[in-house]
$ cat run-v1.csv   # CSV, C-alpha atoms and all ligand atoms
chain,number,residue,atom,x,y,z
A,66,MET,CA,-9.7,-7.7,3.8
A,67,ASP,CA,-10.1,-4.0,4.4
A,68,ILE,CA,-8.5,-3.3,7.8
A,69,LEU,CA,-10.1,0.2,7.9
A,70,ASN,CA,-13.8,0.8,7.5
A,71,PRO,CA,-14.1,2.0,3.9
A,72,GLY,CA,-16.0,5.1,5.0
A,73,VAL,CA,-13.2,6.0,7.5
A,74,SER,CA,-10.6,5.4,4.8
A,75,ARG,CA,-12.4,7.6,2.3
A,76,TYR,CA,-12.8,10.3,5.1
A,77,LEU,CA,-9.1,10.3,5.8
A,78,ASP,CA,-8.2,10.5,2.1
A,79,ASP,CA,-10.7,13.3,1.6
A,80,LEU,CA,-9.1,15.3,4.5
A,81,VAL,CA,-5.8,15.5,2.6
A,82,PRO,CA,-5.5,19.0,1.3
A,83,ALA,CA,-5.6,19.9,-2.4
A,84,ARG,CA,-2.6,18.6,-4.3
A,85,PRO,CA,-1.2,18.9,-7.9
A,86,ALA,CA,-3.3,17.4,-10.7
A,87,GLU,CA,-0.4,15.2,-11.6
A,88,LEU,CA,-0.4,13.6,-8.2
A,89,GLN,CA,-4.1,13.0,-8.4
A,90,GLU,CA,-3.6,11.5,-11.9
A,91,MET,CA,-1.1,9.1,-10.3
A,92,GLU,CA,-3.7,8.1,-7.7
A,93,ARG,CA,-6.2,7.4,-10.5
A,94,ILE,CA,-3.6,5.2,-12.3
A,95,GLY,CA,-3.0,3.3,-9.0
A,96,GLU,CA,-6.7,2.6,-8.7
A,97,SER,CA,-7.4,1.7,-12.3
A,98,THR,CA,-4.3,-0.6,-12.6
A,99,ASN,CA,-4.6,-2.0,-9.1
A,100,PHE,CA,-1.0,-0.9,-8.3
A,101,PRO,CA,-0.4,-0.7,-4.5
A,102,ILE,CA,0.7,2.9,-4.0
A,103,ILE,CA,0.5,4.2,-0.5
A,104,GLY,CA,-2.4,6.5,-1.4
A,105,PRO,CA,-3.3,10.1,-0.2
A,106,ALA,CA,-3.6,9.6,3.6
A,107,SER,CA,-0.4,7.6,4.0
A,108,GLY,CA,1.4,9.8,1.5
A,109,HIS,CA,0.4,12.9,3.5
A,110,LEU,CA,1.7,11.2,6.7
A,111,CYS,CA,5.1,10.5,5.0
A,112,TYR,CA,5.2,14.2,3.9
A,113,LEU,CA,4.3,15.3,7.5
A,114,VAL,CA,7.1,13.2,9.1
A,115,ALA,CA,9.6,14.4,6.5
A,116,ARG,CA,8.7,18.0,7.1
A,117,MET,CA,8.7,17.6,10.9
A,118,ILE,CA,12.3,16.3,11.0
A,119,GLY,CA,13.5,18.7,8.3
A,120,ALA,CA,14.5,15.8,6.0
A,121,LYS,CA,16.9,16.7,3.2
A,122,ARG,CA,18.2,13.2,2.4
A,123,VAL,CA,15.6,10.5,1.8
A,124,PHE,CA,16.1,6.9,0.6
A,125,GLU,CA,13.1,4.9,-0.7
A,126,LEU,CA,13.3,1.1,-1.0
A,127,GLY,CA,10.6,-0.1,-3.5
A,128,SER,CA,9.5,3.0,-5.2
A,129,GLY,CA,7.0,2.0,-8.0
A,130,TYR,CA,6.1,4.7,-10.5
A,131,GLY,CA,7.0,7.5,-8.1
A,132,TYR,CA,3.9,8.3,-6.1
A,133,SER,CA,5.5,8.0,-2.6
A,134,THR,CA,8.6,9.7,-4.1
A,135,ALA,CA,6.5,12.7,-5.0
A,136,TRP,CA,5.4,13.2,-1.4
A,137,PHE,CA,9.0,12.9,-0.1
A,138,ALA,CA,10.3,15.2,-2.9
A,139,ARG,CA,7.7,17.8,-1.9
A,140,ALA,CA,8.9,17.7,1.7
A,141,VAL,CA,12.6,17.9,0.8
A,142,ARG,CA,11.9,20.9,-1.5
A,143,GLU,CA,10.1,22.7,1.3
A,144,ASN,CA,12.9,21.8,3.7
A,145,GLY,CA,15.3,23.7,1.5
A,146,GLY,CA,16.4,21.1,-1.0
A,147,GLY,CA,18.3,17.8,-1.0
A,148,GLU,CA,17.8,14.4,-2.6
A,149,VAL,CA,15.3,11.6,-2.7
A,150,HIS,CA,16.6,8.2,-4.0
A,151,HIS,CA,14.0,6.3,-6.1
A,152,VAL,CA,14.9,2.6,-6.3
A,153,VAL,CA,13.0,-0.1,-8.1
A,154,TRP,CA,14.2,-3.1,-10.0
A,155,ASP,CA,11.8,-2.6,-13.0
A,156,ALA,CA,13.1,-0.2,-15.7
A,157,ASP,CA,9.6,0.5,-17.0
A,158,LEU,CA,8.4,1.7,-13.6
A,159,SER,CA,11.5,3.9,-13.2
A,160,ASN,CA,10.9,5.5,-16.6
A,161,ARG,CA,7.3,6.2,-15.7
A,162,ALA,CA,8.4,7.7,-12.4
A,163,ARG,CA,10.8,10.0,-14.3
A,164,THR,CA,7.9,11.3,-16.4
A,165,HIS,CA,5.6,12.0,-13.5
A,166,LEU,CA,8.2,13.5,-11.3
A,167,GLU,CA,9.4,15.7,-14.1
A,168,ARG,CA,5.9,17.0,-14.6
A,169,LEU,CA,5.8,17.7,-10.9
A,170,GLY,CA,9.0,19.7,-11.1
A,171,TYR,CA,11.2,17.4,-9.0
A,172,THR,CA,13.7,16.2,-11.5
A,173,ASP,CA,16.6,18.0,-9.8
A,174,LEU,CA,15.9,16.3,-6.5
A,175,VAL,CA,15.4,12.7,-7.5
A,176,ARG,CA,18.2,10.1,-8.0
A,177,TYR,CA,17.1,7.1,-9.9
A,178,HIS,CA,18.4,3.5,-9.4
A,179,VAL,CA,17.1,0.5,-11.4
A,180,ALA,CA,18.3,-2.2,-9.1
A,181,GLU,CA,17.6,-4.3,-6.0
A,182,ALA,CA,16.9,-1.8,-3.2
A,183,VAL,CA,18.7,-3.2,-0.2
A,184,GLU,CA,21.9,-3.7,-2.1
A,185,THR,CA,21.6,-0.2,-3.6
A,186,LEU,CA,21.2,1.3,-0.1
A,187,ARG,CA,24.3,-0.7,1.1
A,188,GLY,CA,26.3,0.8,-1.7
A,189,THR,CA,25.1,4.4,-1.2
A,190,ASP,CA,26.7,6.8,1.2
A,191,GLY,CA,24.7,7.8,4.2
A,192,PRO,CA,23.6,9.1,6.5
A,193,PHE,CA,19.9,9.6,5.5
A,194,ASP,CA,17.4,11.6,7.5
A,195,LEU,CA,14.5,9.4,6.5
A,196,ILE,CA,14.4,5.9,5.0
A,197,PHE,CA,11.1,4.5,3.6
A,198,ASN,CA,10.7,0.8,3.1
A,199,ASP,CA,8.1,-0.7,0.7
A,200,ILE,CA,9.9,-3.8,-0.8
A,201,LEU,CA,8.7,-7.4,-0.7
A,202,LYS,CA,7.5,-8.1,2.8
A,203,ARG,CA,9.6,-11.3,3.1
A,204,ASP,CA,12.7,-9.1,2.7
A,205,TYR,CA,11.8,-6.6,5.4
A,206,PRO,CA,13.6,-8.3,8.3
A,207,ALA,CA,17.0,-8.6,6.6
A,208,SER,CA,16.8,-5.0,5.3
A,209,ILE,CA,17.0,-3.6,8.8
A,210,ASP,CA,20.7,-4.4,9.3
A,211,VAL,CA,21.5,-2.4,6.2
A,212,ILE,CA,19.1,0.4,7.0
A,213,LEU,CA,20.3,1.1,10.6
A,214,PRO,CA,23.8,2.2,9.9
A,215,LYS,CA,22.6,4.5,7.1
A,216,LEU,CA,19.9,6.3,9.1
A,217,ARG,CA,21.1,9.2,11.3
A,218,ARG,CA,20.2,9.2,15.0
A,219,GLY,CA,17.0,11.3,15.3
A,220,GLY,CA,16.1,10.3,11.7
A,221,ALA,CA,12.9,8.4,10.8
A,222,LEU,CA,12.2,5.0,9.4
A,223,ILE,CA,8.8,4.5,7.7
A,224,ILE,CA,7.6,1.0,6.7
A,225,ASP,CA,4.4,0.4,4.7
A,226,ASN,CA,1.9,-2.6,4.9
A,227,MET,CA,2.6,-3.3,8.6
A,228,LEU,CA,-1.0,-4.6,9.1
A,229,TRP,CA,-0.7,-6.6,5.8
A,230,SER,CA,-4.5,-6.5,5.1
A,231,GLY,CA,-5.1,-8.1,8.6
A,232,ARG,CA,-3.1,-11.2,7.7
A,233,ILE,CA,-0.8,-10.7,10.6
A,234,LEU,CA,-3.8,-11.5,12.9
A,235,ASP,CA,-4.3,-14.9,11.2
A,236,ALA,CA,-2.0,-17.3,13.2
A,237,SER,CA,-2.5,-20.0,10.4
A,238,ASP,CA,-0.9,-17.6,7.9
A,239,GLN,CA,2.8,-18.4,8.0
A,240,THR,CA,3.7,-17.4,4.4
A,241,PRO,CA,7.1,-15.7,4.0
A,242,ASP,CA,5.6,-12.3,3.5
A,243,THR,CA,3.3,-12.4,6.6
A,244,GLU,CA,6.2,-13.8,8.7
A,245,GLY,CA,8.4,-11.1,7.3
A,246,VAL,CA,6.0,-8.4,8.6
A,247,ARG,CA,5.8,-10.1,12.0
A,248,ALA,CA,9.6,-10.4,12.3
A,249,VAL,CA,10.3,-6.8,11.3
A,250,THR,CA,7.6,-5.7,13.8
A,251,ARG,CA,9.3,-7.6,16.6
A,252,ARG,CA,12.7,-6.3,15.7
A,253,ILE,CA,11.6,-2.7,15.6
A,254,MET,CA,9.4,-2.7,18.7
A,255,GLU,CA,11.7,-4.8,20.9
A,256,SER,CA,15.3,-3.9,20.0
A,257,GLY,CA,15.5,-0.6,21.8
A,258,GLU,CA,16.9,1.0,18.6
A,259,PHE,CA,13.7,2.9,17.8
A,260,ILE,CA,10.6,4.5,19.3
A,261,ALA,CA,7.9,3.3,17.0
A,262,SER,CA,4.2,3.1,16.4
A,263,ILE,CA,2.1,1.5,13.7
A,264,VAL,CA,-0.4,4.1,12.5
A,265,PRO,CA,-3.5,2.2,11.2
A,266,VAL,CA,-4.0,4.3,8.1
A,267,ARG,CA,-4.7,2.3,4.8
A,268,ASP,CA,-2.6,-0.9,5.3
A,269,GLY,CA,-0.7,0.2,8.4
A,270,VAL,CA,2.3,2.5,8.4
A,271,LEU,CA,5.1,2.1,10.9
A,272,VAL,CA,6.7,5.3,11.9
A,273,ALA,CA,9.9,4.9,13.9
A,274,TYR,CA,12.3,7.4,15.4
A,275,ARG,CA,16.0,6.2,15.4
A,276,LEU,CA,17.5,6.5,18.9
A,301,LIG,C1,4.4,-1.5,-3.3
A,301,LIG,S1,5.2,-1.0,-4.7
A,301,LIG,C2,5.8,0.6,-4.4
A,301,LIG,C3,4.8,1.6,-4.2
A,301,LIG,C4,5.4,3.0,-3.9
A,301,LIG,N1,6.2,3.0,-2.7
A,301,LIG,C5,4.3,4.0,-3.8
A,301,LIG,O1,3.7,4.1,-2.8
A,301,LIG,O2,4.1,4.8,-4.8
A,301,LIG,C6,6.8,-1.8,-4.5
A,301,LIG,C7,7.6,-1.8,-5.8
A,301,LIG,O3,9.0,-2.2,-5.5
A,301,LIG,C8,9.4,-3.3,-6.2
A,301,LIG,N2,10.3,-4.1,-5.3
A,301,LIG,C9,9.9,-4.9,-4.4
A,301,LIG,N3,11.0,-5.4,-3.7
A,301,LIG,C10,12.1,-4.8,-4.3
A,301,LIG,C11,13.5,-4.8,-4.1
A,301,LIG,N4,14.0,-5.6,-3.1
A,301,LIG,N5,14.3,-4.0,-4.8
A,301,LIG,C12,13.8,-3.3,-5.8
A,301,LIG,N6,12.4,-3.2,-6.1
A,301,LIG,C13,11.6,-3.9,-5.3
A,301,LIG,C14,8.1,-4.0,-6.6
A,301,LIG,O4,8.3,-4.8,-7.8
A,301,LIG,C15,7.1,-2.9,-6.8
A,301,LIG,O5,7.3,-2.3,-8.1
$ encode --input "run-v1.csv" --output "structure tokens"
Amino acid sequence: MDILNPGVSRYLDDLVPARPAELQEMERIGESTNFPIIGPASGHLCYLVARMIGAKRVFELGSGYGYSTAWFARAVRENGGGEVHHVVWDADLSNRARTHLERLGYTDLVRYHVAEAVETLRGTDGPFDLIFNDILKRDYPASIDVILPKLRRGGALIIDNMLWSGRILDASDQTPDTEGVRAVTRRIMESGEFIASIVPVRDGVLVAYRL
């Protein structure tokens, strides 16, 4: 189910300013292979948040072939340089990301890990200015205990798929992924550790400020 009217969705994507041909090629690949990249409007939102907080150290959990990474790398470059950690457990995706991100000129900024994302974050020195979470939804709740100590106060946590194609509204859907989205939502909204909102762009992007 599309949670956003398709016309509104297209309108928001079309508002995203011109971007490099390589990034648009990555969007075409996502569409033609049905790979769930965050897409232009959510990518631009990630870029906006990273620019607003002056992020220089970014950690991504669940990176795919580097589309969301490219938006964070752009922000980090414009913020004066730093690093973006690309983490995915599939070597083929990691190699494809290297190719795209090299063409975009971000090789010096990106650190690649082919591994499980939460354990990789646990083993990587913080603090990070921004952490982006796009792993299996059933694993969202447990990831927060690892993310919190690695995220600086005043930093941002962004989590994708927080409306989960509307499945969160279906009380009969108690699958592990849907329950994972519900549990992480409660944790973030009720714990007092963050100020957060879910922005209903594409599949719902949670943007949280670490108190
Ligand atoms: C939704 S896709 C990533 C899309 C990417 N963030 C983008 O917008 O361009 C998530 C990817 O992370 C991988 N993944 C899921 N859970 C993971 C985990 N715990 N550790 C490492 N990779 C994971 C999936 O196999 C998939 O390739």
$ axis_aligned_box --input "run-v1.csv" --around "ligand LIG 301 (chain A)" --padding-each-side "6 Å" --output "JSON"
{"center_x": 9.0, "center_y": -0.4, "center_z": -5.4, "size_x": 22.6, "size_y": 22.4, "size_z": 17.4}
$ residues_around --input "run-v1.csv" --residues "Pro101 of chain A" --least-positions-apart "3" --cutoff "10 Å" --atoms "all atoms listed in the file" --output "ChimeraX atom specification"
/A:92,95-96,98,104,129,199,226
$ atom_distance --input "run-v1.csv" --atom1 "atom CA of Tyr130 of chain A" --atom2 "atom CA of Arg218 of chain A"
29.5 Å
$ residues_around --input "run-v1.csv" --residues "segment 253-259 of chain A" --least-positions-apart "5" --cutoff "10 Å" --atoms "all atoms listed in the file" --output "list in words"
Pro206, Ile209, Leu213, Arg218, Gly219, Gly220, Ala221, Leu222, Ala248, Leu271, Val272, Ala273, Tyr274, Arg275 and Leu276 of chain A
$ residues_around --input "run-v1.csv" --residues "segment 159-163 of chain A" --least-positions-apart "2" --cutoff "12 Å" --atoms "only C-alpha atoms" --output "PyMOL selection string"
chain A and resi 87-88+91+94+127-135+150-157+165-180
$ atom_distance --input "run-v1.csv" --atom1 "atom CA of Cys111 of chain A" --atom2 "atom CA of Glu181 of chain A"
22.3 Å
$ atom_distance --input "run-v1.csv" --atom1 "atom CA of Arg93 of chain A" --atom2 "atom CA of Trp136 of chain A"
15.8 Å
$ residues_around --input "run-v1.csv" --residues "Arg247 of chain A" --least-positions-apart "6" --cutoff "10 Å" --atoms "all atoms listed in the file" --output "list in words"
Lys202, Arg203, Tyr205, Pro206, Met227, Leu228, Trp229, Arg232, Ile233, Leu234, Gln239 and Pro241 of chain A
$ closest_residue --input "run-v1.csv" --among "A:Glu125, A:Glu148, A:Glu244, A:Asp238" --to "Ile223 of chain A" --atoms "all atoms listed in the file"
A:Glu125
$ residues_around --input "run-v1.csv" --residues "Ser74 of chain A" --least-positions-apart "5" --cutoff "9 Å" --atoms "all atoms listed in the file" --output "mmCIF file with C-alpha atoms, keeping the file's coordinate frame"
data_model
loop_
_atom_site.group_PDB
_atom_site.id
_atom_site.type_symbol
_atom_site.label_atom_id
_atom_site.label_comp_id
_atom_site.auth_asym_id
_atom_site.auth_seq_id
_atom_site.Cartn_x
_atom_site.Cartn_y
_atom_site.Cartn_z
ATOM 1 C CA LEU A 69 -10.100 0.200 7.900
ATOM 2 C CA ASP A 79 -10.700 13.300 1.600
ATOM 3 C CA ALA A 106 -3.600 9.600 3.600
ATOM 4 C CA VAL A 266 -4.000 4.300 8.100
ATOM 5 C CA ARG A 267 -4.700 2.300 4.800
#
$ closest_residue --input "run-v1.csv" --among "A:Ala120, A:Leu113, A:Ile68, A:Leu126" --to "ligand LIG 301 (chain A)" --atoms "only C-alpha atoms and all ligand atoms"
A:Leu126
$ closest_residue --input "run-v1.csv" --among "A:Gly145, A:Pro192, A:Pro105, A:Pro265" --to "ligand LIG 301 (chain A)" --atoms "only C-alpha atoms and all ligand atoms"
A:Pro105
